[in-house]
Every structure is written in structure tokens, then in C-alpha cells.
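Peer 1: I have a structure here, written as C-alpha cells, and I will follow up with some questions on it.
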There are 2 protein chains.
Amino acid sequence: MRVDDVEAFKAAFRRLAAGVAVVTALHPDGRPAGFTATSVASLAATPPLATFNMARKASAWPAIEQTEHVLIHFLGVRNRAAAETLSLDADERFAGDHWAPGPLGLPLIADVPAWMLCRIIGRYPVEESAIVAVRIEDGRLGDDDIPLLYHERQYWRPGDRA
Amino acid sequence: MRVDDVEAFKAAFRRLAAGVAVVTALHPDGRPAGFTATSVASLAATPPLATFNMARKASAWPAIEQTEHVLIHFLGVRNRAAAETLSLDADERFAGDHWAPGPLGLPLIADVPAWMLCRIIGRYPVEESAIVAVRIEDGRLGDDDIPLLYHERQYWRPGDRA
């Protein structure tokens, strides 16, 4: 792998499996915004903090840049279709009954194992991307499920203990 | 889940599965530092950027705070013992032959599926933690392996397609 060898970078990151989350927000005009994310990570437990990363050219960035709150949903295997829908072109992501207005009117994805209402406490632009830090203010656990994984450009379920 | 309900926050994050990485660095006096991380995430592909999160009271923070370079390793199932060793008390993490000095003298974990030499380009303190942004400058792919997962406080291997 050499510096700026994009294919090698992508090959390396394909060797890291990731849990799948969906981040939603509202555009200033009230339209729903959201995307499927594999970058959601815990930052601290006390107070409860988390982070996610995104491109600043992403369709949801104008919403994330200007809003105070987002919902972060952790997806189970039963939510695979929602993960795929929230990865489509922006104008197709909220066509369907996989969501409804939730807390503060934010788009709430249906039937997820866990969701959290988060206040954005930091936006850190880096090159053409941004790191977003949030403080978790509320949330709910839904029916438990096997967590949805993303790896090698495919969705997976966990298998046996390693 | 209520605001600052730490147990509920932890219960939610247990529903997110994560790939396992090891971050290593050198203390200013040359001693090795490192830790097992489930927070490593891609930030951009061009240029290749990534992030990880850590507590600023962590034993490795003085190294991360003062150094320019780290190694990030993505672990496979065959590296489970290394993941556990790098989670022990700080003075036990480098006792053994699971590592050797690598690029720039940084601790290189043996036989991983992928590692990356990274330059730290941003440290963002948030409460008692920090987000660290890196630019990937070099790296190698090792023998391929099934990625190691962490979920519900246990190590797992991916199973079937979801």
C-alpha cells in the first residue's frame, strides 16, 4: 500500500467488519434526511457520547450542518431492507413505510433494536469530510435482534464465538 | 433510556457489533503504548483518512497526545489472543512475542490481515475523551482472515449473509 493508494485503503477497510446504523435528521425546510452509516462509535459512557463520520458532499450534510438533533438507530438483521433503502439516492430514502416522524419530528426508523436521540455537540471538518460528535439525550431499546454487519460490501449476521 | 442513564447507553451500544482493531504508538521515552479499539472508522478514501476514539485517562493517551504517528491494525479471528492481550493492564500489553518494532519503531502486531501507518492530523477533546483523526501514509495487507468482531462483551466471527 502506498500513500494515497485508494484501492489499497479500501482493501484494508474491507477487512474491518462494522455494525450498521442509520442517522436521520431534518433539513431546515422540514424534509427528512438520513443515511446508512458504518462509522458510529462510542466516545464515552459518562456522559454518553458517540461519533459518526460523513462526507460533506453527502446529501444529508446540509441537514447535519444546520440542525441540533439527530436520531441514531442501531440496526438488526430484520432491518436489512431499511439499511438498503437509506443507501439509495437521497430522494428515494424516505419513500415507504419504514419510518415515521418520531421525537422532535425526526425521522424514526421502524422496529429497530435501539435508537438514541442525540444533540450535536461538535462538527470537525477534515478535508472534504466531517466528524460529528453527539451527546445522547434519550433513547429506547426495541425488541432484541441479531446485529446487522457490513463487511466486504455485503450484509452479514454474526456467527459463532471467536 | 433517560439522559445520563449509563446502563441504558451501554445496553444500546451492546446492540451494535464492531470490528476489532489495535492502535499502537510510542511514548516519548520509547516505551510501547497501545490498546484494543472498536471505534476505528473510515473518514474518507481520498485522501485516505480514519478516526478512532479514546478516553484521555487511558494509559496510551500520553503517547497519542504527543506523537505524530500510530499504527492501526485490523484484527482477524487468528489475532484474538492479541486483542485480549492489548486489553490487559498497560504493563502487560507488550509482554510476549505478539509484536515487534515496525515502521518508525512503532509496535507492529504480528500476522494481522491489514495494518496502516498513520499520521495524526487532529485531536479533538470532548469532555474526558478525545477523537483522533489520522491520515494513512502506508500499510500492508497480510494473509486474509475472517474479521474479528466484538459484540455483547464477547468476540465473534461473522456468520451467514444477512
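All residue names refer to the C-alpha cells as shown: chains lettered A, B, ... in order, residues numbered from 1 in each chain, ligands numbered from 1 in order.
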Using only C-alpha atoms and a distance of at most 7 Å, pull out the residues of chain B that contact chain A, as a VMD selection string.
Peer 2: chain B and resid 1 to 4 6 9 12 15 to 19 39 41 to 48 53 to 54 74 77 114 129 136 to 141 147 149 155 to 162
Peer 1: May I have the selected residues written with N, CA and C atoms, as a CSV table (one decimal), in the first residue's frame?
Peer 2:
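The resulting file, selection39.csv, is reproduced below:
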```
chain,number,residue,atom,x,y,z
B,1,MET,N,-34.8,4.7,28.2
B,1,MET,CA,-33.4,5.3,28.4
B,1,MET,C,-33.6,6.8,28.8
B,2,ARG,N,-33.0,7.2,29.8
B,2,ARG,CA,-33.1,8.6,30.2
B,2,ARG,C,-31.7,9.3,30.0
B,3,VAL,N,-31.7,10.6,30.0
B,3,VAL,CA,-30.4,11.3,29.9
B,3,VAL,C,-29.5,10.8,31.0
B,4,ASP,N,-28.2,10.6,30.6
B,4,ASP,CA,-27.2,10.1,31.6
B,4,ASP,C,-27.5,8.8,32.2
B,6,VAL,N,-26.5,5.6,32.2
B,6,VAL,CA,-25.3,4.9,31.7
B,6,VAL,C,-25.6,3.5,31.3
B,9,PHE,N,-27.4,3.3,28.0
B,9,PHE,CA,-26.5,3.6,26.9
B,9,PHE,C,-25.6,2.4,26.6
B,12,ALA,N,-27.6,-0.1,24.8
B,12,ALA,CA,-27.8,0.2,23.4
B,12,ALA,C,-26.6,-0.1,22.6
B,15,ARG,N,-25.8,-3.5,21.4
B,15,ARG,CA,-26.6,-4.0,20.2
B,15,ARG,C,-25.9,-3.6,18.9
B,16,LEU,N,-24.8,-2.9,19.0
B,16,LEU,CA,-24.0,-2.6,17.8
B,16,LEU,C,-22.8,-3.5,17.8
B,17,ALA,N,-22.6,-4.3,16.8
B,17,ALA,CA,-21.4,-5.1,16.7
B,17,ALA,C,-20.3,-4.2,16.1
B,18,ALA,N,-19.1,-4.6,16.3
B,18,ALA,CA,-18.0,-3.7,15.8
B,18,ALA,C,-16.8,-4.6,15.5
B,19,GLY,N,-16.1,-4.2,14.4
B,19,GLY,CA,-14.8,-4.8,14.1
B,19,GLY,C,-13.7,-4.4,15.2
B,39,SER,N,-13.5,1.4,17.8
B,39,SER,CA,-14.1,2.7,17.3
B,39,SER,C,-13.4,3.1,16.0
B,41,ALA,N,-12.9,3.9,12.4
B,41,ALA,CA,-13.8,4.1,11.3
B,41,ALA,C,-13.2,4.9,10.2
B,42,SER,N,-13.6,4.6,9.0
B,42,SER,CA,-13.2,5.3,7.8
B,42,SER,C,-13.8,6.7,7.8
B,43,LEU,N,-13.0,7.7,7.4
B,43,LEU,CA,-13.5,9.1,7.4
B,43,LEU,C,-13.5,9.5,5.9
B,44,ALA,N,-12.6,9.1,5.1
B,44,ALA,CA,-12.6,9.4,3.7
B,44,ALA,C,-11.6,8.4,3.0
B,45,ALA,N,-11.8,8.3,1.7
B,45,ALA,CA,-11.0,7.4,0.9
B,45,ALA,C,-9.9,8.2,0.1
B,46,THR,N,-10.2,9.5,-0.2
B,46,THR,CA,-9.3,10.3,-1.0
B,46,THR,C,-9.3,11.7,-0.4
B,47,PRO,N,-8.2,12.1,0.3
B,47,PRO,CA,-7.1,11.2,0.8
B,47,PRO,C,-7.6,10.2,1.8
B,48,PRO,N,-6.8,9.1,2.0
B,48,PRO,CA,-7.3,8.1,3.0
B,48,PRO,C,-7.2,8.6,4.4
B,53,ASN,N,-11.6,6.7,18.7
B,53,ASN,CA,-11.9,7.5,19.9
B,53,ASN,C,-11.2,6.8,21.1
B,54,MET,N,-10.9,7.6,22.1
B,54,MET,CA,-10.3,7.0,23.3
B,54,MET,C,-10.6,8.0,24.5
B,74,PHE,N,-6.0,-4.0,11.7
B,74,PHE,CA,-7.3,-4.7,11.7
B,74,PHE,C,-7.1,-6.1,12.0
B,77,VAL,N,-9.7,-13.3,13.1
B,77,VAL,CA,-10.0,-14.3,14.1
B,77,VAL,C,-8.7,-14.9,14.7
B,114,ALA,N,-4.4,-6.7,8.1
B,114,ALA,CA,-4.1,-5.4,7.5
B,114,ALA,C,-3.5,-4.5,8.6
B,129,SER,N,-12.9,12.6,26.9
B,129,SER,CA,-12.4,11.7,25.8
B,129,SER,C,-11.8,12.5,24.7
B,136,ILE,N,-3.7,8.1,6.5
B,136,ILE,CA,-3.0,6.9,6.3
B,136,ILE,C,-1.9,7.1,5.3
B,137,GLU,N,-0.6,6.8,5.7
B,137,GLU,CA,0.5,7.1,4.8
B,137,GLU,C,1.1,5.9,4.2
B,138,ASP,N,0.9,4.7,4.8
B,138,ASP,CA,1.5,3.5,4.3
B,138,ASP,C,0.7,2.3,4.9
B,139,GLY,N,1.0,1.1,4.5
B,139,GLY,CA,0.3,0.0,5.1
B,139,GLY,C,0.6,-1.3,4.3
B,140,ARG,N,0.1,-2.4,4.8
B,140,ARG,CA,0.3,-3.7,4.2
B,140,ARG,C,-0.9,-4.5,4.4
B,141,LEU,N,-1.3,-5.3,3.4
B,141,LEU,CA,-2.2,-6.4,3.6
B,141,LEU,C,-1.5,-7.6,4.0
B,147,PRO,N,-12.7,-11.5,9.7
B,147,PRO,CA,-12.5,-10.4,10.7
B,147,PRO,C,-13.1,-10.7,12.0
B,149,LEU,N,-14.9,-9.8,15.5
B,149,LEU,CA,-15.9,-8.9,15.9
B,149,LEU,C,-16.0,-8.9,17.4
B,155,TYR,N,-16.1,-11.9,21.8
B,155,TYR,CA,-15.5,-11.9,20.5
B,155,TYR,C,-16.3,-12.9,19.6
B,156,TRP,N,-16.5,-12.5,18.4
B,156,TRP,CA,-17.3,-13.4,17.4
B,156,TRP,C,-16.6,-13.4,16.1
B,157,ARG,N,-17.1,-14.3,15.3
B,157,ARG,CA,-16.7,-14.3,13.8
B,157,ARG,C,-18.0,-14.0,13.0
B,158,PRO,N,-17.9,-13.4,11.9
B,158,PRO,CA,-19.1,-13.2,11.0
B,158,PRO,C,-19.7,-14.6,10.6
B,159,GLY,N,-21.0,-14.7,10.5
B,159,GLY,CA,-21.6,-15.9,10.1
B,159,GLY,C,-22.1,-15.9,8.7
B,160,ASP,N,-23.4,-16.1,8.5
B,160,ASP,CA,-24.0,-16.1,7.2
B,160,ASP,C,-24.4,-14.7,6.7
B,161,ARG,N,-24.6,-14.6,5.4
B,161,ARG,CA,-25.1,-13.4,4.8
B,161,ARG,C,-26.5,-13.0,5.4
B,162,ALA,N,-26.7,-11.7,5.6
B,162,ALA,CA,-28.0,-11.3,6.2
B,162,ALA,C,-28.9,-10.9,5.0
```
Peer 1: Find the residues near segment 57-69 of chain A: any atom within 9 Å, counting only C-alpha atoms, skip ones fewer than 3 places away on the same chain, and give them as an MDAnalysis selection string.
Peer 2: chainID A and resid 24:28 32:35 54 89:90 104 106 117:121 123 128:129 132 134
Peer 1: To one decimal place, how far is atom CA of Val22 of chain B from atom CA of Ala37 of chain A in Å?
Peer 2: 21.5 Å
Peer 1: Could you tell me, as a list in words, which residues of segment 84-124 of chain A DSSP assigns to strand (DSSP E or B) when given the backbone?
Peer 2: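 DSSP on the backbone gives strand (DSSP E or B) at Trp99, Ala100, Pro101, Pro107, Leu108, Ile109, Ala114, Trp115, Met116, Leu117, Cys118, Arg119, Ile120, Ile121, Gly122, Arg123 and Tyr124 of chain A.
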